[in-house]
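Novice: First the structure, then my questions, so here it is.
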Amino acid sequence: MKCTRCRAEAAVALPSHHSAFCPECFLLFCRRMVERAIHDHAMCTSEDRVLVALSGGKDSLSLAWLLKELGYTIAGLHIDLGIPGASPVARRITESFCSRHGIPLSVLEMEPLGLGMVEVRQRIRRPICSVCGQTKRYFFNRFALDNGFTVLATGHNLDDETSRLLANLLRWDTAFLADQGPVLSAQEGFVRKIKPLYRLSEFETANLSFLLGIETASAPCPYSAKATFPVYKALLADLEDRQPGRKLQFYEGFLKHGRQHFAAQGKTPLSFCRRCGSPTSTEICGVCRLREMMGAPAEVMIAISSPAVLRTQDVSGSAEKE
Ligand code: SF4
Ligand SMILES: [Zn+2]
Ligand SMILES: [Zn+2]
């Protein structure tokens with residue numbers, strides 16, 4: 001199999017793009033897909049300060065690498081969820097990646113905030129992944145706003161986006177459908193959120209991280225078996241096998257024809273949490289209610305700034321030479 005671009009020996013076959021690429025051309029392909037996503041959706045410019053949400057997984061680390069390569073001003077935030085086995089590994093991988101690539105990294109620890117996920121899981125009745133996801137979204141957003149970032153970038157890939165879209169469609173969840181897309185504009189209390197990897201599939205980001213020599217977390221979250229999105233991912237993967245290119249068409253088609261329809265129906269008007277001031281559809285936001293339930297301190301802003309819970313490690317000075 002030959003590289004579609006340079007005719008060298010191909011390393012990655014991409015039936016959905018009717019192409020195959022050698023390692024070098026594949027990197028270029030990924031770079032172009034991200035450049036196109038950023039350009040088409042006006043995600044960010046060189047003027048922006050971009051915070052990258054770094055989980056320690058292949059997607060977010062590849063995203064940080066690509067954004068840095070493309071010349072954007074980035075810094076990373078890793079949230080240490082306090083899950084034995086998984087969290088220490090994810091944190092070590094993130095720290096070592098940022099150190100290697102000269103990316104400033106902050107680590108926010110959930111345990112000292114009284115929100116370690118082991119304890120949270122013992123107290124809540126809802127599925128842990130929904131509470132964990134809500135908590136991460138809350139702190140990434142707050143951290144970006146409190147520290148002067150203009151954009152929050154996450155490593156959601158095409159499979160994440162299409163599985164979420166399918167799940168939302170199957171439930172006809174109009175509020176979520178109105179909000180789904182590669183860019184969520186800034187509004188009071190919300191930083192702009194972007195998903196520059198949305199055109200790349202999980203297979204493509206896995207190959208990218210492999211070619212970049214990114215170490216992948218070898219200790220998956222022990223609670224991930226309860227997550228529902230893998231079911232939808234498997235259904236879509238089967239469809240993609242039979243009809244290459246279908247996932248991207250599905251998602252792009254939604255952005256072109258569907259999203260505006262749901263957005264036009266209007267969203268639930270947001271007010272602001274009486275405890276922390278974050279946007280919420282209820283009087284007290286979900287994270288403040290969780291903090292109350294866990295007996296955790298309520299002063300979110302103070303807690304975020306406290307050196308006891310937030311260690312900002314500017315490791316750019318210790319970057320190794322590539
Ligand atoms: S699998 Fe669920 S609990 Fe584990 S890190 Fe992901 S969202 Fe959190
Ligand atoms: Zn090539
Ligand atoms: Zn709140």
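Identifiers in the structure tokens: chain A, B, ... in order shown; residue index from 1 per chain; ligand index from 1 in order shown.
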Residues within 9 Å of ligand 2, counting only C-alpha atoms and all ligand atoms: report them as a ChimeraX atom specification.
Specialist: /A:2-11,20-26
Novice: Taking only C-alpha atoms and all ligand atoms into account, report as a compact mmCIF listing (two decimals) with N, CA and C atoms, in the first residue's frame which residues have an atom no farther than 7 Å from an atom of ligand 3.
Specialist:
```txt
# COMPACT_ATOMS: atom_id res chain seq x y z
N CYS A 273 -25.67 30.78 40.04
CA CYS A 273 -25.68 30.05 41.32
C CYS A 273 -25.54 31.04 42.49
N ARG A 274 -26.38 30.86 43.48
CA ARG A 274 -26.34 31.79 44.62
C ARG A 274 -25.08 31.59 45.47
N ARG A 275 -24.43 30.44 45.32
CA ARG A 275 -23.23 30.20 46.13
C ARG A 275 -21.96 30.65 45.41
N CYS A 276 -21.81 30.21 44.15
CA CYS A 276 -20.51 30.43 43.49
C CYS A 276 -20.61 31.38 42.30
N GLY A 277 -21.83 31.72 41.88
CA GLY A 277 -21.99 32.67 40.77
C GLY A 277 -21.90 32.04 39.39
N SER A 278 -21.73 30.72 39.32
CA SER A 278 -21.64 30.08 38.00
C SER A 278 -23.03 29.97 37.36
N ILE A 284 -29.14 26.73 43.02
CA ILE A 284 -27.78 26.37 43.43
C ILE A 284 -27.25 25.39 42.38
N CYS A 285 -26.02 25.61 41.89
CA CYS A 285 -25.53 24.75 40.80
C CYS A 285 -25.22 23.34 41.30
N GLY A 286 -25.08 22.42 40.36
CA GLY A 286 -24.87 21.01 40.70
C GLY A 286 -23.62 20.79 41.54
N VAL A 287 -22.55 21.53 41.23
CA VAL A 287 -21.30 21.31 41.97
C VAL A 287 -21.43 21.85 43.40
N CYS A 288 -22.09 22.99 43.57
CA CYS A 288 -22.28 23.51 44.93
C CYS A 288 -23.18 22.58 45.74
```
Novice: Neighbours of ligand 1 within 6 Å, counting only C-alpha atoms and all ligand atoms, as a list in words?
Specialist: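 The residues near ligand 1 are Ile128, Cys129, Cys132, Gly133, Cys221, Tyr223 and Ser224 of chain A.
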Novice: How about saving the chosen residues, C-alpha atoms kept, as a compact mmCIF listing (two decimals), in the first residue's frame?
Specialist:
```txt
# COMPACT_ATOMS: atom_id res chain seq x y z
CA ILE A 128 -20.62 8.45 38.92
CA CYS A 129 -19.68 9.36 35.33
CA CYS A 132 -17.58 13.30 37.49
CA GLY A 133 -18.19 14.85 34.05
CA CYS A 221 -10.73 4.36 35.17
CA TYR A 223 -15.71 3.11 36.79
CA SER A 224 -15.57 3.35 32.99
```
Novice: Which residues in region 6-185 of chain A does DSSP call strand (DSSP E)? List them as a VMD selection string.
Specialist: chain A and resid 12 to 14 19 to 21 49 to 53 73 to 80 105 to 109 151 to 153 183 to 184
Novice: Dump C-alpha atoms for the selected residues as an mmCIF file, in the first residue's frame?
Specialist:
```cif
data_model
loop_
_atom_site.group_PDB
_atom_site.id
_atom_site.type_symbol
_atom_site.label_atom_id
_atom_site.label_comp_id
_atom_site.auth_asym_id
_atom_site.auth_seq_id
_atom_site.Cartn_x
_atom_site.Cartn_y
_atom_site.Cartn_z
ATOM 1 C CA VAL A 12 -2.102 4.223 8.022
ATOM 2 C CA ALA A 13 -5.056 3.388 5.774
ATOM 3 C CA LEU A 14 -8.040 5.747 5.971
ATOM 4 C CA SER A 19 -6.472 7.561 1.370
ATOM 5 C CA ALA A 20 -3.448 5.938 2.956
ATOM 6 C CA PHE A 21 -0.501 7.829 4.397
ATOM 7 C CA ARG A 49 -4.794 32.264 25.512
ATOM 8 C CA VAL A 50 -5.895 28.658 25.160
ATOM 9 C CA LEU A 51 -6.335 26.352 28.145
ATOM 10 C CA VAL A 52 -6.188 22.683 27.104
ATOM 11 C CA ALA A 53 -8.077 20.229 29.289
ATOM 12 C CA THR A 73 -0.414 30.101 23.102
ATOM 13 C CA ILE A 74 -1.434 27.164 25.263
ATOM 14 C CA ALA A 75 -1.269 25.918 28.838
ATOM 15 C CA GLY A 76 -2.698 22.709 30.276
ATOM 16 C CA LEU A 77 -4.940 21.916 33.225
ATOM 17 C CA HIS A 78 -5.102 18.396 34.608
ATOM 18 C CA ILE A 79 -7.752 17.486 37.176
ATOM 19 C CA ASP A 80 -6.574 14.803 39.594
ATOM 20 C CA LEU A 105 0.737 22.737 33.394
ATOM 21 C CA SER A 106 -1.549 23.254 36.379
ATOM 22 C CA VAL A 107 -2.880 20.344 38.390
ATOM 23 C CA LEU A 108 -6.109 20.693 40.353
ATOM 24 C CA GLU A 109 -6.592 18.019 43.019
ATOM 25 C CA VAL A 151 -10.607 29.655 25.154
ATOM 26 C CA LEU A 152 -10.933 26.158 26.633
ATOM 27 C CA ALA A 153 -9.917 23.369 24.223
ATOM 28 C CA VAL A 183 -17.622 25.518 19.337
ATOM 29 C CA LEU A 184 -19.658 26.846 22.232
#
```
Novice: Find the spatial neighbours of Glu204 (chain A), counting only C-alpha atoms, within a cut-off of 12 Å - ignore same-chain residues fewer than 5 positions away - and output them as a VMD selection string.
Specialist: chain A and resid 11 to 17 20 to 21 23 26 to 27 29 to 31 33 58 to 59 62 157 to 159 197 to 199 209 to 211
Novice: Write the residues you've just listed into a file as an mmCIF file, in the first residue's frame, and include N, CA and C atoms for each of them.
Specialist:
```cif
data_model
loop_
_atom_site.group_PDB
_atom_site.id
_atom_site.type_symbol
_atom_site.label_atom_id
_atom_site.label_comp_id
_atom_site.auth_asym_id
_atom_site.auth_seq_id
_atom_site.Cartn_x
_atom_site.Cartn_y
_atom_site.Cartn_z
ATOM 1 N N ALA A 11 1.604 3.794 6.111
ATOM 2 C CA ALA A 11 1.526 3.186 7.449
ATOM 3 C C ALA A 11 0.100 3.188 7.989
ATOM 4 N N VAL A 12 -0.732 4.105 7.508
ATOM 5 C CA VAL A 12 -2.102 4.223 8.022
ATOM 6 C C VAL A 12 -3.076 4.293 6.845
ATOM 7 N N ALA A 13 -4.025 3.365 6.834
ATOM 8 C CA ALA A 13 -5.056 3.388 5.774
ATOM 9 C C ALA A 13 -6.302 4.081 6.311
ATOM 10 N N LEU A 14 -6.846 5.015 5.534
ATOM 11 C CA LEU A 14 -8.040 5.747 5.971
ATOM 12 C C LEU A 14 -9.139 5.596 4.920
ATOM 13 N N PRO A 15 -9.887 4.486 4.968
ATOM 14 C CA PRO A 15 -10.931 4.261 3.961
ATOM 15 C C PRO A 15 -11.943 5.400 3.912
ATOM 16 N N SER A 16 -12.197 6.036 5.054
ATOM 17 C CA SER A 16 -13.226 7.092 5.052
ATOM 18 C C SER A 16 -12.771 8.301 4.231
ATOM 19 N N HIS A 17 -11.462 8.425 4.009
ATOM 20 C CA HIS A 17 -10.949 9.531 3.189
ATOM 21 C C HIS A 17 -10.395 9.015 1.850
ATOM 22 N N ALA A 20 -4.379 6.634 2.060
ATOM 23 C CA ALA A 20 -3.448 5.938 2.956
ATOM 24 C C ALA A 20 -2.235 6.857 3.045
ATOM 25 N N PHE A 21 -1.605 6.886 4.227
ATOM 26 C CA PHE A 21 -0.501 7.829 4.397
ATOM 27 C C PHE A 21 0.712 7.183 5.045
ATOM 28 N N PRO A 23 3.946 7.838 7.652
ATOM 29 C CA PRO A 23 3.887 8.560 8.932
ATOM 30 C C PRO A 23 3.957 10.076 8.764
ATOM 31 N N PHE A 26 0.821 11.438 7.252
ATOM 32 C CA PHE A 26 -0.308 11.295 8.176
ATOM 33 C C PHE A 26 -0.301 12.438 9.201
ATOM 34 N N LEU A 27 0.878 12.794 9.688
ATOM 35 C CA LEU A 27 0.980 13.929 10.615
ATOM 36 C C LEU A 27 0.467 15.203 9.941
ATOM 37 N N PHE A 29 -1.674 15.309 7.477
ATOM 38 C CA PHE A 29 -3.128 15.151 7.343
ATOM 39 C C PHE A 29 -3.833 15.588 8.642
ATOM 40 N N CYS A 30 -3.323 15.109 9.798
ATOM 41 C CA CYS A 30 -3.954 15.447 11.090
ATOM 42 C C CYS A 30 -3.874 16.949 11.331
ATOM 43 N N ARG A 31 -2.735 17.492 11.040
ATOM 44 C CA ARG A 31 -2.527 18.926 11.216
ATOM 45 C C ARG A 31 -3.523 19.724 10.356
ATOM 46 N N MET A 33 -6.419 18.679 9.209
ATOM 47 C CA MET A 33 -7.800 18.499 9.695
ATOM 48 C C MET A 33 -8.079 19.445 10.861
ATOM 49 N N LYS A 58 -4.844 9.880 25.082
ATOM 50 C CA LYS A 58 -4.204 10.156 23.795
ATOM 51 C C LYS A 58 -4.769 11.395 23.102
ATOM 52 N N ASP A 59 -6.074 11.614 23.247
ATOM 53 C CA ASP A 59 -6.696 12.718 22.511
ATOM 54 C C ASP A 59 -6.244 14.078 23.027
ATOM 55 N N SER A 62 -2.514 14.657 22.325
ATOM 56 C CA SER A 62 -2.271 14.922 20.892
ATOM 57 C C SER A 62 -2.750 16.324 20.534
ATOM 58 N N ASN A 157 -12.998 13.800 20.045
ATOM 59 C CA ASN A 157 -12.766 13.423 18.652
ATOM 60 C C ASN A 157 -14.101 13.115 17.964
ATOM 61 N N LEU A 158 -14.016 12.683 16.708
ATOM 62 C CA LEU A 158 -15.236 12.444 15.933
ATOM 63 C C LEU A 158 -16.106 11.360 16.576
ATOM 64 N N ASP A 159 -15.479 10.328 17.132
ATOM 65 C CA ASP A 159 -16.265 9.247 17.754
ATOM 66 C C ASP A 159 -16.976 9.746 19.012
ATOM 67 N N LEU A 197 -10.357 18.635 17.494
ATOM 68 C CA LEU A 197 -10.136 17.289 16.945
ATOM 69 C C LEU A 197 -11.408 16.664 16.377
ATOM 70 N N TYR A 198 -12.473 17.447 16.270
ATOM 71 C CA TYR A 198 -13.762 16.817 15.967
ATOM 72 C C TYR A 198 -13.805 16.152 14.588
ATOM 73 N N ARG A 199 -12.880 16.496 13.697
ATOM 74 C CA ARG A 199 -12.880 15.857 12.382
ATOM 75 C C ARG A 199 -12.023 14.590 12.345
ATOM 76 N N SER A 209 -1.158 9.667 18.186
ATOM 77 C CA SER A 209 -0.435 9.643 19.463
ATOM 78 C C SER A 209 0.682 8.604 19.420
ATOM 79 N N PHE A 210 0.422 7.496 18.716
ATOM 80 C CA PHE A 210 1.461 6.469 18.582
ATOM 81 C C PHE A 210 2.664 7.024 17.814
ATOM 82 N N LEU A 211 2.386 7.698 16.704
ATOM 83 C CA LEU A 211 3.479 8.252 15.894
ATOM 84 C C LEU A 211 4.237 9.357 16.625
#
```
Novice: Using Å and a single decimal, report how far CA of Leu66 (chain A) sits from CA of Ser130 (chain A).
Specialist: 28.8 Å
Novice: Run DSSP on the backbone and tell me which residues of region 161-199 of chain A come out as alpha helix (DSSP H); list them as a PyMOL selection string.
Specialist: chain A and resi 161-171+174-179
Novice: Hey, what's within 9 Å of Thr174 (chain A) if we count only C-alpha atoms and toss same-chain stuff fewer than 2 positions away? As a PyMOL selection string, please?
Specialist: chain A and resi 168-169+171-172+176-179+262-263+265+267
Novice: Might you pull out every residue within 10 Å of Glu161 (chain A), with only C-alpha atoms counted and same-chain residues fewer than 5 positions away left off, and present them as an MDAnalysis selection string?
Specialist: chainID A and resid 156 166:167 180:182 195 197:199 201 229 233 247:248 251
Novice: Hey, can you check how far CA of Glu240 (chain A) sits from CA of Asp160 (chain A)?
Specialist: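 Between these atoms lies a distance of 14.1 Å.
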Novice: Nearest to Tyr232 (chain A) among A:Thr162, A:Ser218, A:Ser46, A:Thr150, with distances taken over only C-alpha atoms: which residue is it?
Specialist: A:Thr162
Novice: Just want the 8 Å neighbourhood of Ala90 (chain A), counted on only C-alpha atoms, with same-chain residues fewer than 3 positions away dropped. Output as a PDB file with C-alpha atoms, in the first residue's frame.
Specialist:
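As written to disk, out_27.pdb reads:
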```pdb
ATOM      1  CA  SER A  55      -6.872  14.102  30.987  1.00  0.00           C
ATOM      2  CA  GLY A  56      -3.691  12.165  30.260  1.00  0.00           C
ATOM      3  CA  GLY A  57      -5.384  10.307  27.392  1.00  0.00           C
ATOM      4  CA  ALA A  86      -6.103   5.474  37.362  1.00  0.00           C
ATOM      5  CA  SER A  87      -5.502   9.030  38.611  1.00  0.00           C
ATOM      6  CA  ILE A  93       1.739  10.819  32.042  1.00  0.00           C
ATOM      7  CA  THR A  94       0.368  14.374  31.748  1.00  0.00           C
ATOM      8  CA  ALA A 217      -2.575   5.660  30.195  1.00  0.00           C
ATOM      9  CA  ALA A 219      -4.713   2.144  33.936  1.00  0.00           C
TER      10      ALA A 219
END
```
Novice: Report, in Å to a single decimal, how far apart CA of Trp65 (chain A) and CA of Ala206 (chain A) are.
Specialist: 13.6 Å
Novice: Skip region 141-146 of chain A itself and residues of its chain fewer than 2 positions away, then list as a PyMOL selection string all residues within 7 Å of it, counting only C-alpha atoms.
Specialist: chain A and resi 51+137-139+148-149+152+190-191
